[in-house]
>>> print(open('input.csv').read())   # CSV, C-alpha atoms
chain,number,residue,atom,x,y,z
A,1,MET,CA,0.0,0.0,0.0
A,2,THR,CA,2.7,2.4,0.9
A,3,ASP,CA,4.5,2.0,-2.3
A,4,ARG,CA,1.5,2.7,-4.4
A,5,ARG,CA,0.7,5.8,-2.5
A,6,ILE,CA,4.1,7.1,-2.9
A,7,ALA,CA,4.1,6.3,-6.6
A,8,GLY,CA,0.7,8.0,-7.1
A,9,TRP,CA,1.9,11.0,-5.3
A,10,ALA,CA,5.0,11.3,-7.5
A,11,LEU,CA,2.9,11.0,-10.6
A,12,SER,CA,0.5,13.7,-9.5
A,13,ALA,CA,3.4,16.0,-8.6
A,14,PHE,CA,4.9,15.6,-12.1
A,15,MET,CA,1.7,16.4,-13.8
A,16,VAL,CA,1.2,19.5,-11.7
A,17,ALA,CA,4.7,20.7,-12.5
A,18,SER,CA,4.3,20.1,-16.2
A,19,ALA,CA,1.0,22.0,-16.2
A,20,ALA,CA,2.6,24.9,-14.3
A,21,SER,CA,5.4,25.1,-16.9
A,22,LEU,CA,3.0,25.1,-19.8
A,23,MET,CA,1.0,27.9,-18.2
A,24,ALA,CA,4.1,29.9,-17.6
A,25,ARG,CA,5.1,29.7,-21.3
A,26,GLN,CA,1.7,30.7,-22.3
A,27,ASP,CA,1.9,33.8,-20.1
A,28,GLU,CA,5.0,35.0,-22.0
A,29,GLY,CA,3.1,35.5,-25.2
A,30,PRO,CA,4.3,34.8,-28.8
A,31,ILE,CA,8.0,35.5,-29.8
A,32,LEU,CA,8.1,38.5,-32.2
A,33,LYS,CA,10.5,39.0,-35.2
A,34,PRO,CA,12.1,42.5,-35.8
A,35,LYS,CA,10.4,44.6,-38.4
A,36,PRO,CA,12.6,45.5,-41.5
A,37,ARG,CA,14.0,49.1,-41.6
A,38,PRO,CA,12.5,51.3,-44.3
A,39,VAL,CA,14.9,52.1,-47.3
A,40,LEU,CA,15.7,55.8,-47.4
A,41,THR,CA,15.4,57.3,-50.9
A,42,ALA,CA,15.7,60.6,-52.6
A,43,THR,CA,15.1,62.1,-56.1
A,44,LEU,CA,18.1,62.8,-58.3
A,45,LEU,CA,17.5,65.5,-60.9
A,46,VAL,CA,20.1,65.4,-63.7
A,47,MET,CA,20.4,68.3,-66.1
A,48,CYS,CA,22.6,68.5,-69.2
A,49,ASP,CA,23.7,71.7,-71.0
A,50,LEU,CA,24.3,69.6,-74.2
A,51,ALA,CA,22.3,66.7,-75.5
A,52,CYS,CA,23.7,63.7,-73.5
A,53,ASN,CA,23.4,60.1,-72.6
A,54,TRP,CA,23.5,59.6,-68.9
A,55,GLN,CA,24.3,56.9,-66.3
A,56,VAL,CA,23.9,56.5,-62.6
A,57,ASP,CA,26.3,54.0,-60.9
A,58,GLY,CA,27.1,52.4,-64.2
A,59,GLU,CA,23.5,51.9,-65.3
A,60,THR,CA,22.4,53.6,-68.5
A,61,LYS,CA,19.4,55.8,-67.9
A,62,GLY,CA,18.7,57.2,-71.3
A,63,ARG,CA,19.1,60.5,-73.2
A,64,ILE,CA,18.6,64.1,-72.1
A,65,SER,CA,18.1,66.8,-74.6
A,66,ALA,CA,20.2,70.0,-74.5
A,67,GLY,CA,19.1,72.1,-71.5
A,68,GLY,CA,16.7,69.3,-70.5
A,69,SER,CA,16.6,67.1,-67.4
A,70,ALA,CA,15.6,63.7,-66.1
A,71,LYS,CA,14.8,62.2,-62.6
A,72,VAL,CA,15.6,59.0,-60.9
A,73,LYS,CA,15.0,57.6,-57.4
A,74,VAL,CA,18.2,56.6,-55.5
A,75,GLU,CA,19.0,55.5,-52.0
A,76,PHE,CA,21.0,57.6,-49.6
A,77,GLY,CA,24.8,57.3,-50.0
A,78,GLN,CA,27.4,57.8,-52.7
A,79,HIS,CA,26.4,57.7,-56.4
A,80,GLU,CA,28.3,58.3,-59.6
A,81,VAL,CA,26.6,60.3,-62.3
A,82,VAL,CA,28.2,60.2,-65.8
A,83,GLY,CA,27.1,62.3,-68.8
A,84,THR,CA,28.5,61.8,-72.3
A,85,THR,CA,27.8,63.8,-75.5
A,86,GLU,CA,26.0,61.9,-78.2
A,87,ASP,CA,29.2,61.8,-80.3
A,88,ALA,CA,30.9,60.3,-77.3
A,89,LEU,CA,33.8,62.8,-77.6
A,90,ASP,CA,33.1,64.6,-74.3
A,91,LYS,CA,32.4,63.2,-70.9
A,92,MET,CA,31.8,64.4,-67.4
A,93,GLU,CA,31.7,62.4,-64.2
A,94,ASP,CA,30.4,63.6,-60.8
A,95,ASP,CA,30.3,61.9,-57.4
A,96,ILE,CA,27.2,62.7,-55.4
A,97,ASP,CA,26.7,62.0,-51.6
A,98,ILE,CA,23.0,62.0,-50.8
A,99,LYS,CA,22.3,62.3,-47.1
A,100,MET,CA,18.7,63.6,-47.0
A,101,ALA,CA,15.4,63.1,-48.6
A,102,GLY,CA,14.1,65.4,-51.3
A,103,GLN,CA,15.6,66.4,-54.6
A,104,THR,CA,19.3,66.7,-55.4
A,105,ILE,CA,20.2,68.5,-58.6
A,106,VAL,CA,23.2,67.5,-60.6
A,107,HIS,CA,24.4,69.8,-63.4
A,108,VAL,CA,26.3,67.9,-66.2
A,109,ALA,CA,28.3,70.7,-67.7
A,110,LEU,CA,29.6,69.3,-71.0
A,111,GLN,CA,30.0,72.5,-72.9
A,112,PRO,CA,33.2,73.6,-70.9
A,113,VAL,CA,34.6,70.1,-71.4
A,114,ARG,CA,33.9,70.3,-75.1
A,115,ASP,CA,35.4,73.9,-75.3
A,116,ALA,CA,38.5,72.7,-73.5
A,117,ARG,CA,38.9,69.8,-75.9
A,118,LEU,CA,38.4,71.9,-79.0
A,119,GLN,CA,40.9,74.5,-77.6
A,120,ALA,CA,43.4,71.7,-77.0
A,121,GLU,CA,42.9,70.4,-80.5
A,122,ARG,CA,43.4,73.8,-82.0
A,123,GLU,CA,46.6,74.3,-80.0
A,124,ALA,CA,47.8,70.9,-81.1
A,125,ARG,CA,47.1,71.7,-84.7
A,126,SER,CA,48.8,75.0,-84.3
A,127,ARG,CA,51.9,73.4,-82.8
A,128,ALA,CA,51.9,70.8,-85.5
A,129,GLU,CA,51.6,73.4,-88.2
A,130,LYS,CA,54.4,75.5,-86.6
A,131,GLU,CA,56.6,72.4,-86.3
A,132,ALA,CA,56.0,71.5,-89.9
A,133,TRP,CA,56.7,75.1,-91.0
A,134,ASP,CA,59.9,75.2,-88.9
A,135,LYS,CA,61.0,71.8,-90.3
A,136,ALA,CA,60.4,73.0,-93.8
A,137,ALA,CA,62.2,76.2,-93.1
A,138,GLN,CA,65.1,74.3,-91.6
A,139,GLU,CA,65.3,71.9,-94.5
A,140,LYS,CA,65.2,74.9,-96.9
A,141,ALA,CA,68.0,76.6,-95.0
A,142,ALA,CA,70.0,73.4,-95.0
A,143,ARG,CA,69.6,73.0,-98.7
A,144,GLU,CA,70.6,76.7,-99.3
A,145,GLU,CA,73.6,76.2,-96.9
A,146,ALA,CA,74.6,73.1,-98.8
A,147,VAL,CA,74.5,75.0,-102.1
A,148,ARG,CA,76.4,77.9,-100.6
A,149,LEU,CA,79.1,75.5,-99.2
A,150,GLN,CA,79.3,73.7,-102.5
A,151,ASP,CA,79.9,77.0,-104.2
A,152,LEU,CA,82.6,77.9,-101.7
A,153,ARG,CA,84.3,74.6,-102.2
A,154,VAL,CA,84.1,74.8,-106.0
A,155,HIS,CA,85.6,78.4,-106.0
A,156,ALA,CA,87.8,78.1,-103.0
A,157,ALA,CA,91.1,77.8,-104.9
A,158,GLU,CA,90.1,80.6,-107.2
A,159,ARG,CA,89.3,83.0,-104.3
A,160,LEU,CA,92.5,82.0,-102.5
A,161,LYS,CA,94.5,83.0,-105.6
A,162,GLU,CA,92.6,86.3,-106.0
A,163,GLY,CA,93.1,87.0,-102.3
A,164,LEU,CA,96.9,86.3,-102.5
A,165,ALA,CA,97.2,88.7,-105.5
A,166,LEU,CA,95.4,91.4,-103.6
A,167,TYR,CA,97.6,90.8,-100.6
A,168,ASP,CA,100.7,91.2,-102.6
A,169,GLN,CA,99.4,94.6,-103.7
A,170,ASN,CA,98.8,95.5,-100.0
A,171,ARG,CA,95.0,95.6,-100.7
A,172,TYR,CA,94.3,93.9,-97.4
A,173,ALA,CA,90.7,95.0,-97.0
A,174,GLU,CA,89.8,93.5,-100.4
A,175,ALA,CA,91.8,90.4,-99.8
A,176,ARG,CA,90.4,89.5,-96.4
A,177,PRO,CA,86.8,88.5,-97.6
A,178,LEU,CA,88.3,86.4,-100.3
A,179,PHE,CA,90.4,84.5,-97.8
A,180,GLU,CA,87.4,84.1,-95.6
A,181,LYS,CA,85.5,82.4,-98.5
A,182,ALA,CA,88.5,80.3,-99.3
A,183,CYS,CA,88.8,79.2,-95.7
A,184,GLU,CA,85.1,78.3,-95.4
A,185,GLY,CA,85.4,76.5,-98.7
A,186,GLY,CA,88.0,74.2,-97.3
A,187,LYS,CA,91.3,75.9,-98.4
A,188,MET,CA,93.3,75.9,-95.2
A,189,ALA,CA,95.8,78.3,-96.7
A,190,GLY,CA,93.0,80.9,-96.6
A,191,CYS,CA,92.5,80.1,-92.9
A,192,ASN,CA,96.2,80.6,-92.2
A,193,ALA,CA,96.1,83.9,-94.2
A,194,LEU,CA,93.3,85.1,-92.0
A,195,GLY,CA,95.4,84.3,-88.9
A,196,VAL,CA,98.1,86.5,-90.3
A,197,PHE,CA,95.6,89.3,-91.0
A,198,TYR,CA,94.4,89.2,-87.4
A,199,GLU,CA,97.9,88.8,-85.9
A,200,ASP,CA,99.3,91.7,-87.8
A,201,GLY,CA,96.1,93.8,-87.9
A,202,LYS,CA,96.1,93.9,-91.7
A,203,GLY,CA,92.7,94.9,-93.2
A,204,THR,CA,91.1,94.5,-89.8
A,205,ALA,CA,91.7,95.3,-86.1
A,206,GLN,CA,94.4,93.2,-84.5
A,207,ASP,CA,92.9,90.2,-82.7
A,208,LEU,CA,95.3,87.6,-81.4
A,209,ILE,CA,92.5,85.4,-80.1
A,210,GLN,CA,91.1,85.2,-83.6
A,211,ALA,CA,94.6,84.7,-85.1
A,212,ARG,CA,95.1,81.7,-82.8
A,213,ALA,CA,91.7,80.3,-83.8
A,214,PHE,CA,92.4,80.5,-87.6
A,215,TYR,CA,96.0,79.2,-87.1
A,216,LEU,CA,94.6,76.2,-85.2
A,217,LYS,CA,92.0,75.5,-87.8
A,218,ALA,CA,94.6,75.7,-90.6
A,219,CYS,CA,97.0,73.4,-88.6
A,220,ASP,CA,94.3,70.9,-87.8
A,221,GLY,CA,93.3,71.0,-91.5
A,222,GLY,CA,96.8,70.0,-92.6
A,223,GLU,CA,98.2,73.5,-93.4
A,224,MET,CA,101.6,73.3,-91.8
A,225,PRO,CA,102.3,77.1,-91.9
A,226,GLY,CA,99.4,77.4,-89.6
A,227,CYS,CA,101.2,75.0,-87.1
A,228,ALA,CA,104.4,77.1,-87.4
A,229,ASN,CA,102.5,80.3,-86.8
A,230,LEU,CA,100.7,78.8,-83.9
A,231,SER,CA,104.1,77.8,-82.5
A,232,GLY,CA,105.2,81.4,-82.8
A,233,LEU,CA,102.2,82.7,-80.7
A,234,TYR,CA,102.9,80.2,-77.9
A,235,TYR,CA,106.7,81.0,-78.0
A,236,GLY,CA,106.1,84.7,-77.7
A,237,GLY,CA,103.0,84.5,-75.4
A,238,GLU,CA,101.0,86.6,-77.9
A,239,GLY,CA,97.3,86.3,-77.3
A,240,VAL,CA,97.9,83.1,-75.3
A,241,ALA,CA,99.9,82.2,-72.2
A,242,LYS,CA,103.6,81.6,-73.1
A,243,ASP,CA,104.1,77.9,-73.4
A,244,ASP,CA,107.4,76.6,-74.7
A,245,ALA,CA,106.3,73.0,-74.7
A,246,LEU,CA,103.3,73.8,-76.9
A,247,ALA,CA,105.5,76.0,-79.1
A,248,ARG,CA,107.9,73.1,-79.6
A,249,ALA,CA,105.1,70.6,-80.3
A,250,TYR,CA,103.5,72.8,-83.0
A,251,ALA,CA,106.9,73.6,-84.6
A,252,GLN,CA,107.7,69.8,-84.6
A,253,ARG,CA,104.4,69.2,-86.2
A,254,ALA,CA,105.1,71.7,-88.9
A,255,CYS,CA,108.6,70.4,-89.5
A,256,ASP,CA,107.4,66.8,-89.7
A,257,GLY,CA,104.8,67.9,-92.1
A,258,GLY,CA,107.5,69.1,-94.5
A,259,PHE,CA,107.2,72.8,-93.8
A,260,LEU,CA,110.9,73.8,-93.5
A,261,GLU,CA,110.2,77.1,-91.8
A,262,GLY,CA,108.8,75.0,-89.0
A,263,CYS,CA,112.1,73.2,-88.8
A,264,VAL,CA,113.8,76.6,-88.5
A,265,GLY,CA,111.4,77.6,-85.8
A,266,LEU,CA,112.0,74.4,-83.9
A,267,GLY,CA,115.8,74.9,-84.3
A,268,ILE,CA,115.4,78.4,-82.8
A,269,LEU,CA,113.5,76.9,-79.8
A,270,TYR,CA,116.3,74.3,-79.3
A,271,SER,CA,119.1,76.9,-79.6
A,272,SER,CA,117.4,79.2,-77.1
A,273,ASP,CA,116.8,76.3,-74.6
A,274,SER,CA,119.4,75.8,-71.8
A,275,VAL,CA,119.0,72.0,-71.8
A,276,ALA,CA,122.3,70.4,-72.6
A,277,GLY,CA,122.4,68.8,-76.1
A,278,ASP,CA,119.7,71.0,-77.6
A,279,ILE,CA,122.2,73.0,-79.7
A,280,SER,CA,123.1,69.8,-81.6
A,281,GLN,CA,119.4,69.4,-82.3
A,282,ALA,CA,119.2,73.0,-83.5
A,283,ARG,CA,122.2,72.5,-85.9
A,284,MET,CA,120.6,69.4,-87.5
A,285,LEU,CA,117.3,71.2,-87.9
A,286,PHE,CA,119.0,74.3,-89.5
A,287,GLN,CA,121.0,72.0,-91.7
A,288,LYS,CA,117.8,70.2,-92.8
A,289,ALA,CA,116.1,73.5,-93.7
A,290,CYS,CA,119.1,74.9,-95.5
A,291,ASP,CA,119.6,71.8,-97.5
A,292,GLY,CA,115.9,71.9,-98.4
A,293,GLY,CA,116.2,75.5,-99.7
A,294,GLU,CA,114.9,77.4,-96.7
A,295,MET,CA,117.3,80.3,-96.5
A,296,SER,CA,116.4,81.2,-92.9
A,297,GLY,CA,117.8,77.7,-92.0
A,298,CYS,CA,121.1,78.6,-93.7
A,299,ASP,CA,121.2,81.9,-91.8
A,300,GLY,CA,120.6,80.1,-88.4
A,301,LEU,CA,123.3,77.5,-89.2
A,302,GLY,CA,125.7,80.4,-90.1
A,303,GLU,CA,125.1,82.0,-86.7
A,304,LEU,CA,126.0,78.7,-85.0
A,305,TYR,CA,129.3,78.5,-86.9
A,306,ARG,CA,130.0,82.2,-86.4
A,307,ASP,CA,129.6,81.9,-82.6
A,308,GLY,CA,130.9,78.3,-82.2
A,309,ARG,CA,127.7,77.1,-80.5
A,310,GLY,CA,127.4,73.3,-80.7
A,311,VAL,CA,130.0,73.3,-83.5
A,312,THR,CA,133.6,74.3,-84.0
A,313,LYS,CA,133.7,78.1,-84.8
A,314,ASN,CA,134.2,78.6,-88.5
A,315,ARG,CA,133.8,82.1,-89.8
A,316,ALA,CA,134.6,81.1,-93.4
A,317,LEU,CA,131.7,78.6,-93.3
A,318,ALA,CA,129.5,81.1,-91.6
A,319,ARG,CA,130.2,83.7,-94.2
A,320,GLN,CA,129.4,81.1,-96.9
A,321,LEU,CA,126.1,80.3,-95.3
A,322,PHE,CA,125.2,83.9,-94.8
A,323,LYS,CA,125.9,84.7,-98.4
A,324,LYS,CA,123.8,81.8,-99.6
A,325,ALA,CA,120.9,82.9,-97.5
A,326,CYS,CA,121.4,86.6,-98.5
A,327,ASP,CA,121.4,85.7,-102.1
A,328,GLY,CA,118.3,83.7,-101.5
A,329,GLY,CA,116.5,86.8,-100.2
A,330,GLU,CA,116.9,86.4,-96.4
A,331,GLN,CA,117.5,89.9,-95.2
A,332,ASP,CA,118.7,88.9,-91.7
A,333,ALA,CA,121.5,86.9,-93.4
A,334,CYS,CA,122.5,90.0,-95.4
A,335,ALA,CA,122.8,91.9,-92.2
A,336,ASN,CA,124.8,89.1,-90.6
A,337,LEU,CA,127.1,89.0,-93.6
A,338,ARG,CA,127.7,92.8,-93.4
A,339,ARG,CA,128.6,92.5,-89.7
A,340,LEU,CA,130.9,89.6,-90.3
A,341,HIS,CA,132.9,91.6,-92.8
>>> encode(input="input.csv", output="structure tokens")
Amino acid sequence: MTDRRIAGWALSAFMVASAASLMARQDEGPILKPKPRPVLTATLLVMCDLACNWQVDGETKGRISAGGSAKVKVEFGQHEVVGTTEDALDKMEDDIDIKMAGQTIVHVALQPVRDARLQAEREARSRAEKEAWDKAAQEKAAREEAVRLQDLRVHAAERLKEGLALYDQNRYAEARPLFEKACEGGKMAGCNALGVFYEDGKGTAQDLIQARAFYLKACDGGEMPGCANLSGLYYGGEGVAKDDALARAYAQRACDGGFLEGCVGLGILYSSDSVAGDISQARMLFQKACDGGEMSGCDGLGELYRDGRGVTKNRALARQLFKKACDGGEQDACANLRRLH
């Protein structure tokens, strides 16, 4: 009996508890889902000053006539509006941030874009035309210069000859432009002659810097008298800093090039140098020049024999050398011959 009572009591308690739990849940009421938040939208009014095709956020919306407008509903936030002219040559993009309801106006100003493009195209055409004109002018100038230089080359020898004839007549002002044309035409003797003009101030103001420039051009062009004259400038320090090493180098170049006056100049440099053994070099150079028909070399050699410098003194041989040089037109030798008597 006791066991059944206990079991019955337990079952009754369980049923009461279950009923209470069910009632409690019913008292709580139904579980509600949150309502969706409303989408916030605004009106976008797009206006074009030129007939345009327009887009919003990459979506084509249609065509707007010049001065016309169109509307579209958009959500709050960032939007990109693009307007393009009907010929697709001009385009304007505008980023719009919509934060409130109502109407937002976007002006798609394509005319300034078109004006800027057309102006840039005009400027580009103008530059191209100018470049073409400049190129044509340069080509024409180059052709004319080529013709001029060809004429100078063809007539260079003739103009050099005419200039020398005028020079011999002491008509220096007339000779100088002929030498200029001869020089420009490739006759280096004309360049050397111009150097003489500027060194001596004949037919023009003396200008030793110009003299050096023309002597250098002549020397570099293979005209050995130019090298010898350049040596003289460096030896005397005329228009340049005195430089015996350069003087000797240019004189050597002239001598090696077959210009015997250059050998004489080099001999003078050696004979005036205090370095032992240079006098023997001077004697050989004077001898080379004298044997080659350069009378100033005979005169220089005569001076060495007269004074016994680097050789045994021999007045008879000196007299013979002075006479040979004097007879050959060397005036310094004539003076030496008179003094020797």
>>> closest_residue(input="input.csv", among="A:Lys288, A:Lys313, A:Arg159, A:Arg176", to="Ala205 of chain A", atoms="all atoms listed in the file")
A:Arg176
>>> residues_around(input="input.csv", residues="Gly102 of chain A", least_positions_apart="6", cutoff="12 Å", atoms="all atoms listed in the file", output="compact mmCIF listing (two decimals) with C-alpha atoms, keeping the file's coordinate frame")
# COMPACT_ATOMS: atom_id res chain seq x y z
CA LEU A 40 15.70 55.80 -47.40
CA THR A 41 15.40 57.30 -50.90
CA ALA A 42 15.70 60.60 -52.60
CA THR A 43 15.10 62.10 -56.10
CA LEU A 44 18.10 62.80 -58.30
CA LEU A 45 17.50 65.50 -60.90
CA LYS A 71 14.80 62.20 -62.60
CA VAL A 72 15.60 59.00 -60.90
CA LYS A 73 15.00 57.60 -57.40
CA VAL A 74 18.20 56.60 -55.50
CA GLU A 75 19.00 55.50 -52.00
CA PHE A 76 21.00 57.60 -49.60
>>> residues_around(input="input.csv", residues="Glu59 of chain A", least_positions_apart="2", cutoff="12 Å", atoms="all atoms listed in the file", output="compact mmCIF listing (two decimals) with C-alpha atoms, in the frame of the given file")
# COMPACT_ATOMS: atom_id res chain seq x y z
CA ASN A 53 23.40 60.10 -72.60
CA TRP A 54 23.50 59.60 -68.90
CA GLN A 55 24.30 56.90 -66.30
CA VAL A 56 23.90 56.50 -62.60
CA ASP A 57 26.30 54.00 -60.90
CA LYS A 61 19.40 55.80 -67.90
CA GLY A 62 18.70 57.20 -71.30
CA VAL A 72 15.60 59.00 -60.90
CA HIS A 79 26.40 57.70 -56.40
CA GLU A 80 28.30 58.30 -59.60
CA VAL A 81 26.60 60.30 -62.30
CA VAL A 82 28.20 60.20 -65.80
CA GLY A 83 27.10 62.30 -68.80
>>> closest_residue(input="input.csv", among="A:Val264, A:Ala165, A:Ala318, A:Ala173", to="Met295 of chain A", atoms="only C-alpha atoms")
A:Val264
>>> closest_residue(input="input.csv", among="A:Cys227, A:Ile98, A:Ala120, A:Leu164", to="Phe197 of chain A", atoms="all atoms listed in the file")
A:Leu164
>>> residues_around(input="input.csv", residues="Ser272 of chain A", least_positions_apart="4", cutoff="12 Å", atoms="all atoms listed in the file", output="MDAnalysis selection string")
chainID A and resid 235 244 248 265:268 276:282 300 304 309
>>> closest_residue(input="input.csv", among="A:Gly239, A:Glu180, A:Glu86, A:Leu317", to="Leu208 of chain A", atoms="only C-alpha atoms")
A:Gly239
>>> closest_residue(input="input.csv", among="A:Cys255, A:Leu230, A:Ala189, A:Val196", to="Ala289 of chain A", atoms="all atoms listed in the file")
A:Cys255
